[in-house]
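Worksheet: the structure to be examined is printed underneath.
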Amino acid sequence: MALRQIITGLHPVLRRRAQPVKKINGPVLNLLQDMTETMYHAPGVGLAAPQIGISRRLVVIDPGEEQLLQLINPCILEKKGEIIDLEGCLSLPGLTGEVPRAEWVAVEYLDPRGKKVRLQAEGLMARILQHEIDHLEGVLFIDKALRMVDPEGERAKEGKKSE
Ligand code: NI
């Protein structure tokens, strides 16, 4: 495993639609491991492959309770409700915004063994899933933020980690 460099700022790879993974092979599994290590090292609660410069549909998530998910070709099947909360991104250091997200989502993805998984999530997990799947479409949280807030203030106080 190796730490990868997180791409920051408005690099074009962050704005590109990522390509689906067609075959789950050794390099794909290694990439997921590198992404996991890079996310924990940051530290962050989620990381999408475009954030390390690789335009493929791969995401890792851990909201901080050792609930690691490694998702291949994730997509949102259904959304319910709306909730506004603070959000940041490892690719946009220092920025925090108030972002409306669905309160509940149903997501489908392949796990590293190639098994199709359907997951229902709410709260922080639902927010991270939406944030990371947006990364695969070249969408950043600043596109959806209702307003930006002072990162030294509210977000730091809550001790939140970035996605
Ligand atoms: Ni992000």
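Letters for chains follow the order of the structure tokens (A, B, ...), residue numbers begin at 1 for each chain, and ligand numbers begin at 1 in the order shown.
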With the cut-off set at 12 Å and counting only C-alpha atoms and all ligand atoms, tabulate each residue of chain A with an atom at most that distance from an atom of ligand 1, showing the nearest atom pair and its distance in Å to one decimal, ordered by chain and increasing number, as JSON lines.
```
{"residue": "A:Ile6", "atom": "CA", "partner": "ligand 1", "partner_atom_place_in_ligand_line": "1 (Ni)", "distance": 10.3}
{"residue": "A:Ile7", "atom": "CA", "partner": "ligand 1", "partner_atom_place_in_ligand_line": "1 (Ni)", "distance": 10.3}
{"residue": "A:Thr8", "atom": "CA", "partner": "ligand 1", "partner_atom_place_in_ligand_line": "1 (Ni)", "distance": 9.7}
{"residue": "A:Gly9", "atom": "CA", "partner": "ligand 1", "partner_atom_place_in_ligand_line": "1 (Ni)", "distance": 11.0}
{"residue": "A:Leu14", "atom": "CA", "partner": "ligand 1", "partner_atom_place_in_ligand_line": "1 (Ni)", "distance": 9.4}
{"residue": "A:Arg15", "atom": "CA", "partner": "ligand 1", "partner_atom_place_in_ligand_line": "1 (Ni)", "distance": 11.7}
{"residue": "A:Met39", "atom": "CA", "partner": "ligand 1", "partner_atom_place_in_ligand_line": "1 (Ni)", "distance": 10.7}
{"residue": "A:Ala42", "atom": "CA", "partner": "ligand 1", "partner_atom_place_in_ligand_line": "1 (Ni)", "distance": 11.9}
{"residue": "A:Gly44", "atom": "CA", "partner": "ligand 1", "partner_atom_place_in_ligand_line": "1 (Ni)", "distance": 9.2}
{"residue": "A:Val45", "atom": "CA", "partner": "ligand 1", "partner_atom_place_in_ligand_line": "1 (Ni)", "distance": 9.3}
{"residue": "A:Gly46", "atom": "CA", "partner": "ligand 1", "partner_atom_place_in_ligand_line": "1 (Ni)", "distance": 7.2}
{"residue": "A:Leu47", "atom": "CA", "partner": "ligand 1", "partner_atom_place_in_ligand_line": "1 (Ni)", "distance": 6.5}
{"residue": "A:Ala48", "atom": "CA", "partner": "ligand 1", "partner_atom_place_in_ligand_line": "1 (Ni)", "distance": 7.3}
{"residue": "A:Ala49", "atom": "CA", "partner": "ligand 1", "partner_atom_place_in_ligand_line": "1 (Ni)", "distance": 10.3}
{"residue": "A:Pro50", "atom": "CA", "partner": "ligand 1", "partner_atom_place_in_ligand_line": "1 (Ni)", "distance": 9.6}
{"residue": "A:Gln51", "atom": "CA", "partner": "ligand 1", "partner_atom_place_in_ligand_line": "1 (Ni)", "distance": 7.5}
{"residue": "A:Ile52", "atom": "CA", "partner": "ligand 1", "partner_atom_place_in_ligand_line": "1 (Ni)", "distance": 11.0}
{"residue": "A:Val59", "atom": "CA", "partner": "ligand 1", "partner_atom_place_in_ligand_line": "1 (Ni)", "distance": 10.5}
{"residue": "A:Val60", "atom": "CA", "partner": "ligand 1", "partner_atom_place_in_ligand_line": "1 (Ni)", "distance": 11.2}
{"residue": "A:Ile61", "atom": "CA", "partner": "ligand 1", "partner_atom_place_in_ligand_line": "1 (Ni)", "distance": 10.9}
{"residue": "A:Glu87", "atom": "CA", "partner": "ligand 1", "partner_atom_place_in_ligand_line": "1 (Ni)", "distance": 8.8}
{"residue": "A:Gly88", "atom": "CA", "partner": "ligand 1", "partner_atom_place_in_ligand_line": "1 (Ni)", "distance": 6.8}
{"residue": "A:Cys89", "atom": "CA", "partner": "ligand 1", "partner_atom_place_in_ligand_line": "1 (Ni)", "distance": 3.7}
{"residue": "A:Leu90", "atom": "CA", "partner": "ligand 1", "partner_atom_place_in_ligand_line": "1 (Ni)", "distance": 5.4}
{"residue": "A:Ser91", "atom": "CA", "partner": "ligand 1", "partner_atom_place_in_ligand_line": "1 (Ni)", "distance": 5.8}
{"residue": "A:Leu92", "atom": "CA", "partner": "ligand 1", "partner_atom_place_in_ligand_line": "1 (Ni)", "distance": 7.4}
{"residue": "A:Pro93", "atom": "CA", "partner": "ligand 1", "partner_atom_place_in_ligand_line": "1 (Ni)", "distance": 9.6}
{"residue": "A:Leu95", "atom": "CA", "partner": "ligand 1", "partner_atom_place_in_ligand_line": "1 (Ni)", "distance": 10.8}
{"residue": "A:Thr96", "atom": "CA", "partner": "ligand 1", "partner_atom_place_in_ligand_line": "1 (Ni)", "distance": 11.0}
{"residue": "A:Gly97", "atom": "CA", "partner": "ligand 1", "partner_atom_place_in_ligand_line": "1 (Ni)", "distance": 12.0}
{"residue": "A:Arg127", "atom": "CA", "partner": "ligand 1", "partner_atom_place_in_ligand_line": "1 (Ni)", "distance": 11.0}
{"residue": "A:Ile128", "atom": "CA", "partner": "ligand 1", "partner_atom_place_in_ligand_line": "1 (Ni)", "distance": 8.6}
{"residue": "A:Leu129", "atom": "CA", "partner": "ligand 1", "partner_atom_place_in_ligand_line": "1 (Ni)", "distance": 10.3}
{"residue": "A:Gln130", "atom": "CA", "partner": "ligand 1", "partner_atom_place_in_ligand_line": "1 (Ni)", "distance": 10.0}
{"residue": "A:His131", "atom": "CA", "partner": "ligand 1", "partner_atom_place_in_ligand_line": "1 (Ni)", "distance": 6.2}
{"residue": "A:Glu132", "atom": "CA", "partner": "ligand 1", "partner_atom_place_in_ligand_line": "1 (Ni)", "distance": 6.2}
{"residue": "A:Ile133", "atom": "CA", "partner": "ligand 1", "partner_atom_place_in_ligand_line": "1 (Ni)", "distance": 9.4}
{"residue": "A:Asp134", "atom": "CA", "partner": "ligand 1", "partner_atom_place_in_ligand_line": "1 (Ni)", "distance": 8.5}
{"residue": "A:His135", "atom": "CA", "partner": "ligand 1", "partner_atom_place_in_ligand_line": "1 (Ni)", "distance": 6.6}
{"residue": "A:Leu136", "atom": "CA", "partner": "ligand 1", "partner_atom_place_in_ligand_line": "1 (Ni)", "distance": 10.1}
{"residue": "A:Glu137", "atom": "CA", "partner": "ligand 1", "partner_atom_place_in_ligand_line": "1 (Ni)", "distance": 11.8}
{"residue": "A:Gly138", "atom": "CA", "partner": "ligand 1", "partner_atom_place_in_ligand_line": "1 (Ni)", "distance": 10.4}
{"residue": "A:Val139", "atom": "CA", "partner": "ligand 1", "partner_atom_place_in_ligand_line": "1 (Ni)", "distance": 9.1}
{"residue": "A:Leu140", "atom": "CA", "partner": "ligand 1", "partner_atom_place_in_ligand_line": "1 (Ni)", "distance": 6.7}
{"residue": "A:Phe141", "atom": "CA", "partner": "ligand 1", "partner_atom_place_in_ligand_line": "1 (Ni)", "distance": 7.1}
{"residue": "A:Ile142", "atom": "CA", "partner": "ligand 1", "partner_atom_place_in_ligand_line": "1 (Ni)", "distance": 9.8}
{"residue": "A:Asp143", "atom": "CA", "partner": "ligand 1", "partner_atom_place_in_ligand_line": "1 (Ni)", "distance": 11.7}
{"residue": "A:Lys161", "atom": "CA", "partner": "ligand 1", "partner_atom_place_in_ligand_line": "1 (Ni)", "distance": 10.6}
{"residue": "A:Ser162", "atom": "CA", "partner": "ligand 1", "partner_atom_place_in_ligand_line": "1 (Ni)", "distance": 6.9}
{"residue": "A:Glu163", "atom": "CA", "partner": "ligand 1", "partner_atom_place_in_ligand_line": "1 (Ni)", "distance": 4.2}
```
Next on the checklist: DSSP on the backbone: which residues in chain A end up as alpha helix (DSSP H)? Give the answer as a PyMOL selection string.
Outcome noted: chain A and resi 26-41+123-136+141-144+156-158
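Distance annotation: of A:Glu103, A:Glu66, A:Glu78, A:Glu98, the residue with the minimal separation from Asp150 in chain A is A:Glu98; atom set is only C-alpha atoms.
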Next on the checklist: What parts of range 26-154 of chain A does DSSP call strand (DSSP E or B)? I'd like the answer as JSON, numbers by chain.
Outcome noted: {"A": [44, 46, 47, 48, 56, 58, 59, 60, 61, 69, 70, 71, 72, 73, 74, 75, 76, 77, 78, 79, 80, 83, 84, 85, 86, 87, 96, 97, 98, 99, 100, 101, 104, 105, 106, 107, 108, 109, 110, 116, 117, 118, 119, 120, 121, 122, 147, 148, 149]}
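With only C-alpha atoms as the atoms that count, the minimum distance from Ala106 in chain A to the choices A:Met148, A:Met125, A:Leu31, A:Ala2 is reached by A:Met125.
Among the candidate residues A:Asp34, A:Gln5, A:Lys144, A:Val105, the one lying nearest to Gln120 in chain A is A:Val105, with distances computed using only C-alpha atoms.
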Need to verify the contact set: Met1 in chain A, 12 Å, only C-alpha atoms, exclusion of same-chain residues closer than 6 positions in sequence. Can you return it as an mmCIF file with C-alpha atoms, in the first residue's frame?
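Printed below is around_31.cif as written:
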```cif
data_model
loop_
_atom_site.group_PDB
_atom_site.id
_atom_site.type_symbol
_atom_site.label_atom_id
_atom_site.label_comp_id
_atom_site.auth_asym_id
_atom_site.auth_seq_id
_atom_site.Cartn_x
_atom_site.Cartn_y
_atom_site.Cartn_z
ATOM 1 C CA PRO A 27 -4.524 -2.882 -9.838
ATOM 2 C CA LEU A 29 -7.871 -3.576 -5.528
ATOM 3 C CA ASN A 30 -4.472 -1.962 -4.899
ATOM 4 C CA LEU A 31 -5.924 1.392 -5.805
ATOM 5 C CA LEU A 32 -8.769 0.916 -3.301
ATOM 6 C CA GLN A 33 -6.199 0.064 -0.615
ATOM 7 C CA ASP A 34 -4.114 3.128 -1.452
ATOM 8 C CA MET A 35 -7.236 5.302 -1.372
ATOM 9 C CA THR A 36 -8.180 3.852 2.036
ATOM 10 C CA GLU A 37 -4.730 4.524 3.453
ATOM 11 C CA THR A 38 -4.710 8.044 1.976
#
```
Checklist entry - Restricting the calculation to only C-alpha atoms, which member of A:Lys22, A:Arg118, A:Arg16, A:Arg4 is positioned closest to Ile76 in chain A? => result A:Arg118
Item to check | Nearest to Gly53 in chain A by atom-to-atom distance, counting only C-alpha atoms, from A:Val99, A:Ala121, A:Leu68, A:Leu10 | outcome: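 Among the listed residues, A:Leu10 lies closest to Gly53 in chain A.
Separating CA of Val21 in chain A from CA of Asp111 in chain A is a distance of 11.7 Å.
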Item to check | Among the residues A:Ala145, A:Leu110, A:Leu124, A:Leu119, the one that comes closest to Leu77 in chain A [using only C-alpha atoms] | outcome: A:Leu119
Item to check | Atomic separation - CA of Glu122 in chain A relative to CA of Arg57 in chain A, Å | outcome: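 Distance between the two atoms: 21.8 Å.
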